[in-house]
Amino acid sequence: MSTPTIGGDRIADTPAADESFRGLHWGAQERDRKGFFTDTSICIGCKACEVACKEWNRNPQDGTFELLGSSYDNTGGLGANTWRHVAFIEQDGERIERARESGRRLVSLGMPSIRTREPEATLASGAGCGTGACGAGAAGSGGCGGGCGCASSDSPPRGEGIPPTTATVGGEADTGLGGPLGGLLEGGGSGPVGLAGSLASTGLAEPSDLSGADTAPPDTPDFRWLMSSDVCKHCTHAGCLDVCPTGALFRTEFGTVVVQEDVCNGCGTCVAGCPFGVIERRDDGTINTPTQRDRKAAEMDVPNRGTANKCTLCYDRLVEGQTPACAQTCPTTSIKFGGREEMVDTARARVRELHAKGLTEARLYGANPEDGVGGTGSVFLLLDEPEVYGLPPDPRVATKDLPGMFATAGIAALGMVAAAGLAFLGGRR
Amino acid sequence: MANADCIVIQGSNMAECHPVGFQWVTEAKARGARVIHVDPRFTRTTAVADKHVPIRAGSDIVLLGALINRILSEGLHFAEYVRAYTNAANLICEEYIDAEDLEGLFSGYDPTTNAYDNSTWSYRTDEDGRPLTDPTLEDPGCVFQILKRHYARYTPELVEESCGISPEDFEYLLRSVTENSGRERTTCFAYAVGWTQHTLGAQFIRTASILQLLLGNMGRPGGGIMALRGHATIQGSTDIPTLFNLLPGYLPMPKAGTHDTLDDFIAAVGTPETHKGFWAKGRAYAVSLLKAWWGEAATEENDWAYDYLPRLTGAHGTYQTAVRMLDGGVDGYFLLGQNPAVGSANGRMQRMAMSHLKWLVVRDFSLIESATWWKSGPEIETGELRTEDIDTEVFFLPAANHTEKAGSFTQTQRLVQWRHKAVNPPGEAQSELEFFFELGNRVRELLRDSDDPRDRPLLDLTWDYPLDEDGEIDAEAVLKEINGFHVGGGRDGEPLSAFTEMADDGTTAGGCWIYAGVYAGSRNMAARRKPGREQDETAAEWAWAWPANRRILYNRASADPDGRPWSERKKLVWWDEEAGRWVGGDVPDFPVDRAPSSRSATVFGGPAHLDGDDPFIMQADGKGWLFAPSGMVDGPLPTHYEPQESTFPNPLYAQQNSPSRLTLPREDNLSAAGAGSPGSDAYPYVFTTYRLTEHHTAGGMSRWLPYLSELQPEMFCEVSPELAEEVGLEPYGWATLVSPRAAIEARVLVTRRMTPLTIGGRTVHQIGLPYHWGVGGDAAVVEGDSANDLLGITMDPNVNIQASKYVAGTVLPGRRPRGAELVDFVEKHQRNAGLTVDSGNQHETVSAEAVERSFAVGIATAESKHGGRAGDSAVGATPGRAESGRGETADAGSSGALPTEVQASEAPPSEGSAETPEELERAHDRAQPLTGPGVPSAEDMTGENPEASEPSGADKGGRDENRDRPAPEEPNRGTGSEERTEGESGEQADGAGGSGADKQEDGTDRMDEED
């Protein structure tokens, strides 16, 4: 981490830097923000990313050396040691059709052919929250909610099958981010949410209403095997970072979120703060998380025991101008690395391409800046509902509601003051 | 492959086994190509393909033959290409009798040797030896008509009945390949050991070659047949072989009694009298090789030290060698990068064989099972071996891995890529180069004062490589020797720039003629790494491809007979009339100034006599071979026979199995009874073996690594829900798998990726078995029973590769018995099935009349044509080849391709083993080395692995076919190739640490197991 490219000031002023995240735009750092685009439609499940990641970062092996009973997946999920994880999902024809249908809804349900004017609203609210947000609040989105509302109402992110989860997660939500809206899902090329204004001008907003088009899928399989490489999302509004009491987590000049192992005291607050369940505390020998997975870890030279660990988006490689290990090793370019906006554009183009072939099940995850985490640095092209891949459909950063809570608390305080005042005044009477 | 419009992956699980090379399939798909996967299982390759066509293992010729039939009957072939570039118009010997007319035998079968005399398969010629042709393709005796008749019974109905493929899927496949072939479009096939590891493996590839020639997909961008190689430099190990029957550059190994003089040998390599392609310069290649090895000791007077070369007296492949060990005929054994205790078919036989050695040297990274079988192997557990009874002295020597040594990797596309050493090896670990150099030094030191003539070859070797700063031998010095250099005169020591500079007068030396140019101008061309984005698509400045840095073989075929590109979209190399040369995006694979209209007056005479429309320049006649007059020992046209242990009758012929397959009838290698025999229902299921992305072959490079082991920790079998229900298997519970040789246990993966097929009215269940695990290794992170213990050894006669993709067996719920009970358990099953050493091993199952007729015709023709000299020639003309006997050659498998492709495996049976003398004897005859160019690949050779099916390698690509093999005799069948590497080809390694996933990169030297 000692490289000239580090913008010390930025790191230092996380709060200030955060201000720029709050709006819809990245602001001054926009060009610097890096991210992944993981295109699961061309993933071959080779797991090279998992291995390259562990090797580069010297993470301990953490499998149990027993079949997990989950197709070809034997590492289970992201954790303190596994920072890239490939899921394998076997599906039958019925499930495929449902995925296709839900994807179709994403793009065809009343997707407006021309974006309406929500950007103004968005901007306005963005600005609004900038001020409103205090402390580490991620606020932005809270404010935007209203702005996006329109987009979302028109484009329900997911098909039917998912309501339960949605309800749980998004239900409590507040502001404009009603159920449909909040998800990270995006139908794809057709209707970029949020960035509509700018996208429209680049032609990206052209509608691809596939409801009536010939979307006969190529050879529809009566069976398929999905593979998808998961990774830390590097959220725009990162819950882990927001709640970290020691400042061990920081936002890098690349817009990524990284743990400083020498600062982290292993308190674990961030573990609860991540809406994706990504960050985890590495076994220090006294506990085993999440199951007994670290059984063999003791046999390896394990660095950073007892501290929070997660993908750094290969910060140490980025500062040297290198590509992250997983993206570099991916043989089919399923994992792409680059400027975050470029990744999103590429992803949208890919979705359009798949839709044109009738593969309406394709949709983006994490590209929507109006979602509960303000969009993610790691964007995914999925071929089914996020839950199928073990991803939350509507993740929300824990601090997302802070502004509202502060506001509410403020109002309540005011009310109490008022009440007290009234009582006082009344008493006087 | 990126240029293909349609890719058919069959006999390969490319995405899993060749993940790095698969990037080009991904690229082709992104450009709009359709990808079809024909495979018994739904694999990770299938997951990203457009279509899965499940097939019964071993029935590929039925499917491909049916495609050929439809193409011919509906005129869907690329007529202009076929007429100009293939041997479609050649008339075949009048005595030839097709399998269709002889119950499944071709003419020339000798029941005493189970081998063919191919005299009746040759071209009809006029008095001058010029082949007779019928340009109208109407003559019933011409290849085109023979082909039509041969495949007339291969119909969609037969496909449904024998392969289990629906008519709809067949039509889809037919449409896909025909609509994506022709002037504007090209289709590519990719295969790996899912095709080669069958008793008909070479013929599977031949069938694809015929199909690709008919569709005009050879020698063109996006066409060809990619032979996916399974290890980092398996291709290199074939080019500069670890095969017993080849010398570098596909020169045959001389055979005792047949190649006693240099001239006999040269005749087998290639002469102007037998060739018009580049094999005509065989003398220059051979003499340069001898000069490279013996330097000044190789003189014109002593025939360039030809007598220093050892002579083959029989087959010395892995399996033959194991049998000889069991007979006490082998004292010592070196295992380098090979783990036969786990990786070879019939693992028990391998382990038992090693217990008969006096000494064994294992060079590896860890104490693999082949180094520990004597103390913790499965036979110790069952009591079949007792440590105290074993006299074998086992030495374990640590080996350097691929990052710890410099050298080259040659991949599927013949691309030679240099690898620099990153770090010094730890401790006493050594590279192979250093090990052998040092071993040579010590042996030479011991013999220094010897005056025994037999020690001269060792003492006279050029063994003077310079050492680098670490005291290690300089790998580039070896590369220079391989490349070749001038000897004497003003250019003494100067590297050759091309193989055309090689001379037969001792003024050049070169260790491998096809690699000449890799060190041109004293520059390591293999180390070039100009990024693809800085060059055109051919990326000629990324590394170096043999020969001559040519990326697509036979690329003259990318232009029409007049030298114009077939289409703008698919243009590659064309004739520039004004310049009077062939030009284009690749190095032309043709005499660069030979005009398309040029015609030679003579049939042979070397490359100067190639006609302007003879694109297949390594074939004796310059044409792609639809019909193989020579080169294949088991028939001039691929025809369907059932796999060795098939429980289904051959729907086409009375001849059930390939009559010329190599069987090994022994008590320790029992086969299931064939269809219709009593007991054939005792082993009702089909096991097919394969490998996983997460592991490397027999596990020596993955089961000791936690990062890889955790990804696939346990041995498992894949079964369909239907079979699980039928047998009572619990998901992720245990199953015991029993074959006629062994019983193993595995966890159960119940998955819809396995599909029951209906064959001949019966349901057939195929069970998938990865073969990476073994037991008894020292400190392996994970262990498990070895799938290869289940396999028997029955081999393809062309290349001696074992059949591992179709194994009869049965499955039971629960774990297997332990200890001595395991042996009883296996024997009980054998008894119940009534197995004997003869079970399933009959060679002829046709009428005696048919056998007699086949034999009589062959003998008569052989005598009339060659004065009793059997087998020979390729093209009608003749002479030369001395080969002997029957059969000739083995050629590589596939079609003619050059070496690369071939997959041969091992060798023929070896001589002598006591147990099966006859078998061996026959084998000798046939398999012999010299003959064919077979080009087996190293991989195969080692025999190890029966791996599985699909292998794959990365890039190997395309070439396959094209190259032919050297042997004079046989030209190969045509093939085309394609290879195109794009920028950096597939194998490059990328970044981050090596991931396990791509095995290719890491390959060290282990070529064993799969290829």
# chains A, B, ... in the order shown; residues from 1 in each chain; ligands from 1
call {"tool": "select_by_dssp", "arguments": {"residues": "segment 291-387 of chain A", "states": "alpha helix (DSSP H)", "output": "list in words"}}
result
Tyr315, Asp316, Arg317, Leu318, Ala325, Cys326, Ala327, Gln328, Thr329, Arg340, Glu341, Glu342, Met343, Val344, Asp345, Thr346, Ala347, Arg348, Ala349, Arg350, Val351, Arg352, Glu353, Leu354, His355 and Ala356 of chain A
call {"tool": "write_last_selection", "arguments": {"atoms": "N, CA and C atoms", "output": "short mmCIF file (atom, residue, chain, number, x, y, z; two decimals), in the first residue's frame"}}
result
data_model
loop_
_atom_site.label_atom_id
_atom_site.label_comp_id
_atom_site.auth_asym_id
_atom_site.auth_seq_id
_atom_site.Cartn_x
_atom_site.Cartn_y
_atom_site.Cartn_z
N TYR A 315 -5.93 -4.98 -4.42
CA TYR A 315 -5.42 -3.62 -4.29
C TYR A 315 -3.92 -3.56 -4.55
N ASP A 316 -3.22 -4.57 -4.04
CA ASP A 316 -1.77 -4.57 -4.23
C ASP A 316 -1.38 -4.72 -5.68
N ARG A 317 -2.23 -5.32 -6.46
CA ARG A 317 -1.94 -5.43 -7.89
C ARG A 317 -2.36 -4.15 -8.62
N LEU A 318 -3.47 -3.60 -8.19
CA LEU A 318 -3.95 -2.38 -8.87
C LEU A 318 -2.95 -1.25 -8.77
N ALA A 325 -6.03 -10.85 -9.79
CA ALA A 325 -5.65 -12.22 -10.11
C ALA A 325 -6.77 -13.02 -10.77
N CYS A 326 -7.98 -12.87 -10.24
CA CYS A 326 -9.07 -13.68 -10.78
C CYS A 326 -9.36 -13.33 -12.24
N ALA A 327 -9.40 -12.03 -12.52
CA ALA A 327 -9.71 -11.61 -13.88
C ALA A 327 -8.58 -12.00 -14.82
N GLN A 328 -7.38 -11.92 -14.30
CA GLN A 328 -6.23 -12.25 -15.15
C GLN A 328 -6.23 -13.72 -15.53
N THR A 329 -6.65 -14.55 -14.62
CA THR A 329 -6.56 -15.98 -14.88
C THR A 329 -7.78 -16.54 -15.58
N ARG A 340 -15.25 1.06 -13.75
CA ARG A 340 -16.57 0.58 -13.37
C ARG A 340 -17.64 0.95 -14.40
N GLU A 341 -17.59 2.17 -14.89
CA GLU A 341 -18.61 2.58 -15.85
C GLU A 341 -18.49 1.80 -17.15
N GLU A 342 -17.26 1.56 -17.52
CA GLU A 342 -17.03 0.80 -18.74
C GLU A 342 -17.57 -0.62 -18.55
N MET A 343 -17.38 -1.14 -17.36
CA MET A 343 -17.88 -2.48 -17.07
C MET A 343 -19.40 -2.52 -17.19
N VAL A 344 -20.01 -1.49 -16.65
CA VAL A 344 -21.47 -1.45 -16.69
C VAL A 344 -21.95 -1.34 -18.15
N ASP A 345 -21.27 -0.53 -18.91
CA ASP A 345 -21.67 -0.39 -20.32
C ASP A 345 -21.52 -1.71 -21.05
N THR A 346 -20.40 -2.37 -20.79
CA THR A 346 -20.15 -3.67 -21.43
C THR A 346 -21.23 -4.65 -21.02
N ALA A 347 -21.57 -4.60 -19.76
CA ALA A 347 -22.57 -5.52 -19.24
C ALA A 347 -23.92 -5.28 -19.91
N ARG A 348 -24.26 -4.03 -20.05
CA ARG A 348 -25.55 -3.72 -20.67
C ARG A 348 -25.57 -4.17 -22.12
N ALA A 349 -24.47 -3.98 -22.78
CA ALA A 349 -24.41 -4.39 -24.18
C ALA A 349 -24.57 -5.91 -24.29
N ARG A 350 -23.98 -6.58 -23.34
CA ARG A 350 -24.05 -8.04 -23.37
C ARG A 350 -25.48 -8.52 -23.12
N VAL A 351 -26.15 -7.85 -22.21
CA VAL A 351 -27.53 -8.23 -21.94
C VAL A 351 -28.38 -8.02 -23.19
N ARG A 352 -28.16 -6.92 -23.84
CA ARG A 352 -28.94 -6.66 -25.07
C ARG A 352 -28.70 -7.75 -26.09
N GLU A 353 -27.44 -8.14 -26.17
CA GLU A 353 -27.08 -9.17 -27.15
C GLU A 353 -27.81 -10.48 -26.83
N LEU A 354 -27.81 -10.83 -25.57
CA LEU A 354 -28.46 -12.09 -25.18
C LEU A 354 -29.97 -11.98 -25.37
N HIS A 355 -30.51 -10.84 -25.05
CA HIS A 355 -31.95 -10.68 -25.23
C HIS A 355 -32.31 -10.82 -26.70
N ALA A 356 -31.47 -10.28 -27.54
CA ALA A 356 -31.75 -10.36 -28.96
C ALA A 356 -31.78 -11.81 -29.43
#
call {"tool": "closest_atom_pairs", "arguments": {"of": "chain A", "to": "chain B", "cutoff": "6 Å", "atoms": "only C-alpha atoms", "output": "Markdown table"}}
result
| residue | atom | partner | partner_atom | distance |
| --- | --- | --- | --- | --- |
| A:Ile44 | CA | B:Arg44 | CA | 5.7 |
| A:Cys46 | CA | B:Ala997 | CA | 5.8 |
| A:Ala48 | CA | B:Ala997 | CA | 4.5 |
| A:Val51 | CA | B:Ser995 | CA | 5.1 |
| A:Ala52 | CA | B:Ser995 | CA | 4.8 |
| A:Glu55 | CA | B:Gly993 | CA | 5.9 |
| A:Gln61 | CA | B:Tyr707 | CA | 5.6 |
| A:Gly63 | CA | B:Glu710 | CA | 5.1 |
| A:Phe65 | CA | B:Pro713 | CA | 4.7 |
| A:Glu66 | CA | B:Pro713 | CA | 5.5 |
| A:Asn74 | CA | B:Leu711 | CA | 5.4 |
| A:Trp225 | CA | B:Ala47 | CA | 5.5 |
| A:Ala325 | CA | B:Ala992 | CA | 4.6 |
| A:Gln328 | CA | B:Gly991 | CA | 5.2 |
| A:Thr329 | CA | B:Asp990 | CA | 5.2 |
| A:Pro331 | CA | B:Val20 | CA | 5.0 |
| A:Thr332 | CA | B:Gln23 | CA | 4.7 |
call {"tool": "residues_around", "arguments": {"residues": "segment 38-41 of chain A", "least_positions_apart": "5", "cutoff": "6 Å", "atoms": "only C-alpha atoms", "output": "list in words"}}
result
Ser228, Ser334, Ile335, Phe380, Leu381 and Leu382 of chain A
call {"tool": "residues_around", "arguments": {"residues": "Glu101 of chain A", "least_positions_apart": "3", "cutoff": "9 Å", "atoms": "only C-alpha atoms", "output": "list of chain:residue names"}}
result
A:Ile96, A:Glu97, A:Arg98, A:Arg104, A:Arg105, A:Leu106, A:Gly159, A:Thr360, A:Glu361
call {"tool": "write_last_selection", "arguments": {"atoms": "C-alpha atoms", "output": "PDB file, in the first residue's frame"}}
result
ATOM      1  CA  ILE A  96     -35.385 -22.264 -17.055  1.00  0.00           C
ATOM      2  CA  GLU A  97     -38.678 -21.133 -18.459  1.00  0.00           C
ATOM      3  CA  ARG A  98     -39.459 -19.283 -15.277  1.00  0.00           C
ATOM      4  CA  ARG A 104     -38.685 -10.913 -19.915  1.00  0.00           C
ATOM      5  CA  ARG A 105     -40.741  -9.024 -17.407  1.00  0.00           C
ATOM      6  CA  LEU A 106     -37.748  -7.067 -16.405  1.00  0.00           C
ATOM      7  CA  GLY A 159     -40.359 -11.802 -11.687  1.00  0.00           C
ATOM      8  CA  THR A 360     -34.458 -13.072 -21.815  1.00  0.00           C
ATOM      9  CA  GLU A 361     -33.352 -14.615 -18.589  1.00  0.00           C
TER      10      GLU A 361
END
call {"tool": "atom_distance", "arguments": {"atom1": "atom CA of Pro167 of chain B", "atom2": "atom CA of Val764 of chain B"}}
result
18.3 Å
call {"tool": "atom_distance", "arguments": {"atom1": "atom CA of Met618 of chain B", "atom2": "atom CA of Gly277 of chain B"}}
result
4.9 Å
call {"tool": "atom_distance", "arguments": {"atom1": "atom CA of Arg456 of chain B", "atom2": "atom CA of Tyr308 of chain B"}}
result
7.6 Å
call {"tool": "select_by_dssp", "arguments": {"residues": "segment 230-394 of chain A", "states": "strand (DSSP E)", "output": "list in words"}}
result
Asp230, Val231, Leu249, Phe250, Arg251, Val257, Val258, Val259, Glu280, Arg281, Ala308, Asn309, Ile335, Lys336, Phe337, Gly338, Gly339, Arg363, Leu364, Tyr365, Ser378, Val379, Phe380, Leu381 and Leu382 of chain A
call {"tool": "write_last_selection", "arguments": {"atoms": "C-alpha atoms", "output": "compact mmCIF listing (two decimals), in the first residue's frame"}}
result
# COMPACT_ATOMS: atom_id res chain seq x y z
CA ASP A 230 -19.15 -14.53 -6.82
CA VAL A 231 -16.95 -11.91 -5.21
CA LEU A 249 -11.75 -0.47 6.29
CA PHE A 250 -11.16 2.27 3.82
CA ARG A 251 -12.22 3.38 0.39
CA VAL A 257 -13.21 -1.19 -0.16
CA VAL A 258 -10.25 -2.74 1.57
CA VAL A 259 -9.40 -3.92 5.07
CA GLU A 280 -15.87 -12.59 7.51
CA ARG A 281 -13.48 -12.85 10.39
CA ALA A 308 -11.79 -9.34 9.03
CA ASN A 309 -10.94 -10.54 5.58
CA ILE A 335 -14.49 -12.10 -15.26
CA LYS A 336 -13.70 -8.75 -16.77
CA PHE A 337 -11.93 -5.97 -14.98
CA GLY A 338 -11.82 -2.30 -15.81
CA GLY A 339 -13.30 1.09 -15.13
CA ARG A 363 -30.25 -9.54 -16.36
CA LEU A 364 -27.75 -7.41 -14.50
CA TYR A 365 -27.08 -7.42 -10.81
CA SER A 378 -18.70 -5.76 -9.02
CA VAL A 379 -21.45 -6.12 -11.57
CA PHE A 380 -22.88 -9.48 -12.57
CA LEU A 381 -24.81 -10.76 -15.53
CA LEU A 382 -27.11 -13.45 -14.18
call {"tool": "residues_around", "arguments": {"residues": "Leu200 of chain B", "least_positions_apart": "5", "cutoff": "12 Å", "atoms": "only C-alpha atoms", "output": "count of residues only"}}
result
48
call {"tool": "residues_around", "arguments": {"residues": "Ser70 of chain A", "least_positions_apart": "4", "cutoff": "9 Å", "atoms": "only C-alpha atoms", "output": "JSON, numbers by chain"}}
result
{"A": [74, 76, 87, 88, 89]}
call {"tool": "write_last_selection", "arguments": {"atoms": "all heavy atoms", "output": "CSV table (one decimal), in the first residue's frame"}}
result
chain,number,residue,atom,x,y,z
A,74,ASN,N,-17.5,-27.3,-3.9
A,74,ASN,CA,-17.1,-27.9,-2.6
A,74,ASN,C,-16.5,-26.9,-1.7
A,74,ASN,O,-15.8,-27.3,-0.7
A,74,ASN,CB,-16.2,-29.1,-2.9
A,74,ASN,CG,-16.9,-30.2,-3.5
A,74,ASN,OD1,-17.9,-30.7,-3.0
A,74,ASN,ND2,-16.5,-30.6,-4.7
A,76,GLY,N,-18.4,-23.9,-0.9
A,76,GLY,CA,-19.5,-23.4,-0.2
A,76,GLY,C,-19.9,-22.0,-0.4
A,76,GLY,O,-21.1,-21.7,-0.7
A,87,ALA,N,-20.3,-20.9,-7.9
A,87,ALA,CA,-21.5,-21.6,-7.6
A,87,ALA,C,-21.9,-22.5,-8.8
A,87,ALA,O,-21.7,-22.1,-10.0
A,87,ALA,CB,-22.7,-20.7,-7.3
A,88,PHE,N,-22.5,-23.6,-8.6
A,88,PHE,CA,-23.0,-24.5,-9.6
A,88,PHE,C,-24.4,-24.9,-9.4
A,88,PHE,O,-24.8,-25.4,-8.3
A,88,PHE,CB,-22.2,-25.9,-9.6
A,88,PHE,CG,-20.7,-25.7,-10.1
A,88,PHE,CD1,-19.8,-25.2,-9.2
A,88,PHE,CD2,-20.4,-26.0,-11.4
A,88,PHE,CE1,-18.5,-25.1,-9.6
A,88,PHE,CE2,-19.1,-25.8,-11.8
A,88,PHE,CZ,-18.1,-25.4,-10.9
A,89,ILE,N,-25.3,-24.5,-10.3
A,89,ILE,CA,-26.7,-24.7,-10.1
A,89,ILE,C,-27.2,-25.6,-11.3
A,89,ILE,O,-27.1,-25.2,-12.4
A,89,ILE,CB,-27.5,-23.4,-10.0
A,89,ILE,CG1,-26.9,-22.6,-8.9
A,89,ILE,CG2,-28.9,-23.7,-9.8
A,89,ILE,CD1,-26.2,-21.3,-9.3
call {"tool": "residues_around", "arguments": {"residues": "Ala248 of chain A", "least_positions_apart": "3", "cutoff": "6 Å", "atoms": "only C-alpha atoms", "output": "list of chain:residue names"}}
result
A:Val259, A:Gln260, A:Val263, A:Cys264
call {"tool": "write_last_selection", "arguments": {"atoms": "N, CA and C atoms", "output": "PDB file, in the first residue's frame"}}
result
ATOM      1  N   VAL A 259      -9.685  -3.848   3.634  1.00  0.00           N
ATOM      2  CA  VAL A 259      -9.397  -3.922   5.066  1.00  0.00           C
ATOM      3  C   VAL A 259      -7.891  -3.730   5.283  1.00  0.00           C
ATOM      4  N   GLN A 260      -7.561  -2.922   6.237  1.00  0.00           N
ATOM      5  CA  GLN A 260      -6.144  -2.809   6.610  1.00  0.00           C
ATOM      6  C   GLN A 260      -5.937  -3.770   7.767  1.00  0.00           C
ATOM      7  N   VAL A 263      -4.685  -2.708  11.136  1.00  0.00           N
ATOM      8  CA  VAL A 263      -5.510  -1.820  11.944  1.00  0.00           C
ATOM      9  C   VAL A 263      -6.687  -2.587  12.556  1.00  0.00           C
ATOM     10  N   CYS A 264      -7.182  -3.527  11.789  1.00  0.00           N
ATOM     11  CA  CYS A 264      -8.374  -4.268  12.219  1.00  0.00           C
ATOM     12  C   CYS A 264      -8.134  -4.951  13.559  1.00  0.00           C
TER      13      CYS A 264
END
call {"tool": "closest_residue", "arguments": {"among": "B:Arg83, B:Arg442, B:Arg599, B:Arg550", "to": "Gly584 of chain B", "atoms": "only C-alpha atoms"}}
result
B:Arg550
call {"tool": "closest_residue", "arguments": {"among": "A:Ser229, A:Thr333, A:Asn57, A:Thr312", "to": "Val86 of chain A", "atoms": "only C-alpha atoms"}}
result
A:Ser229
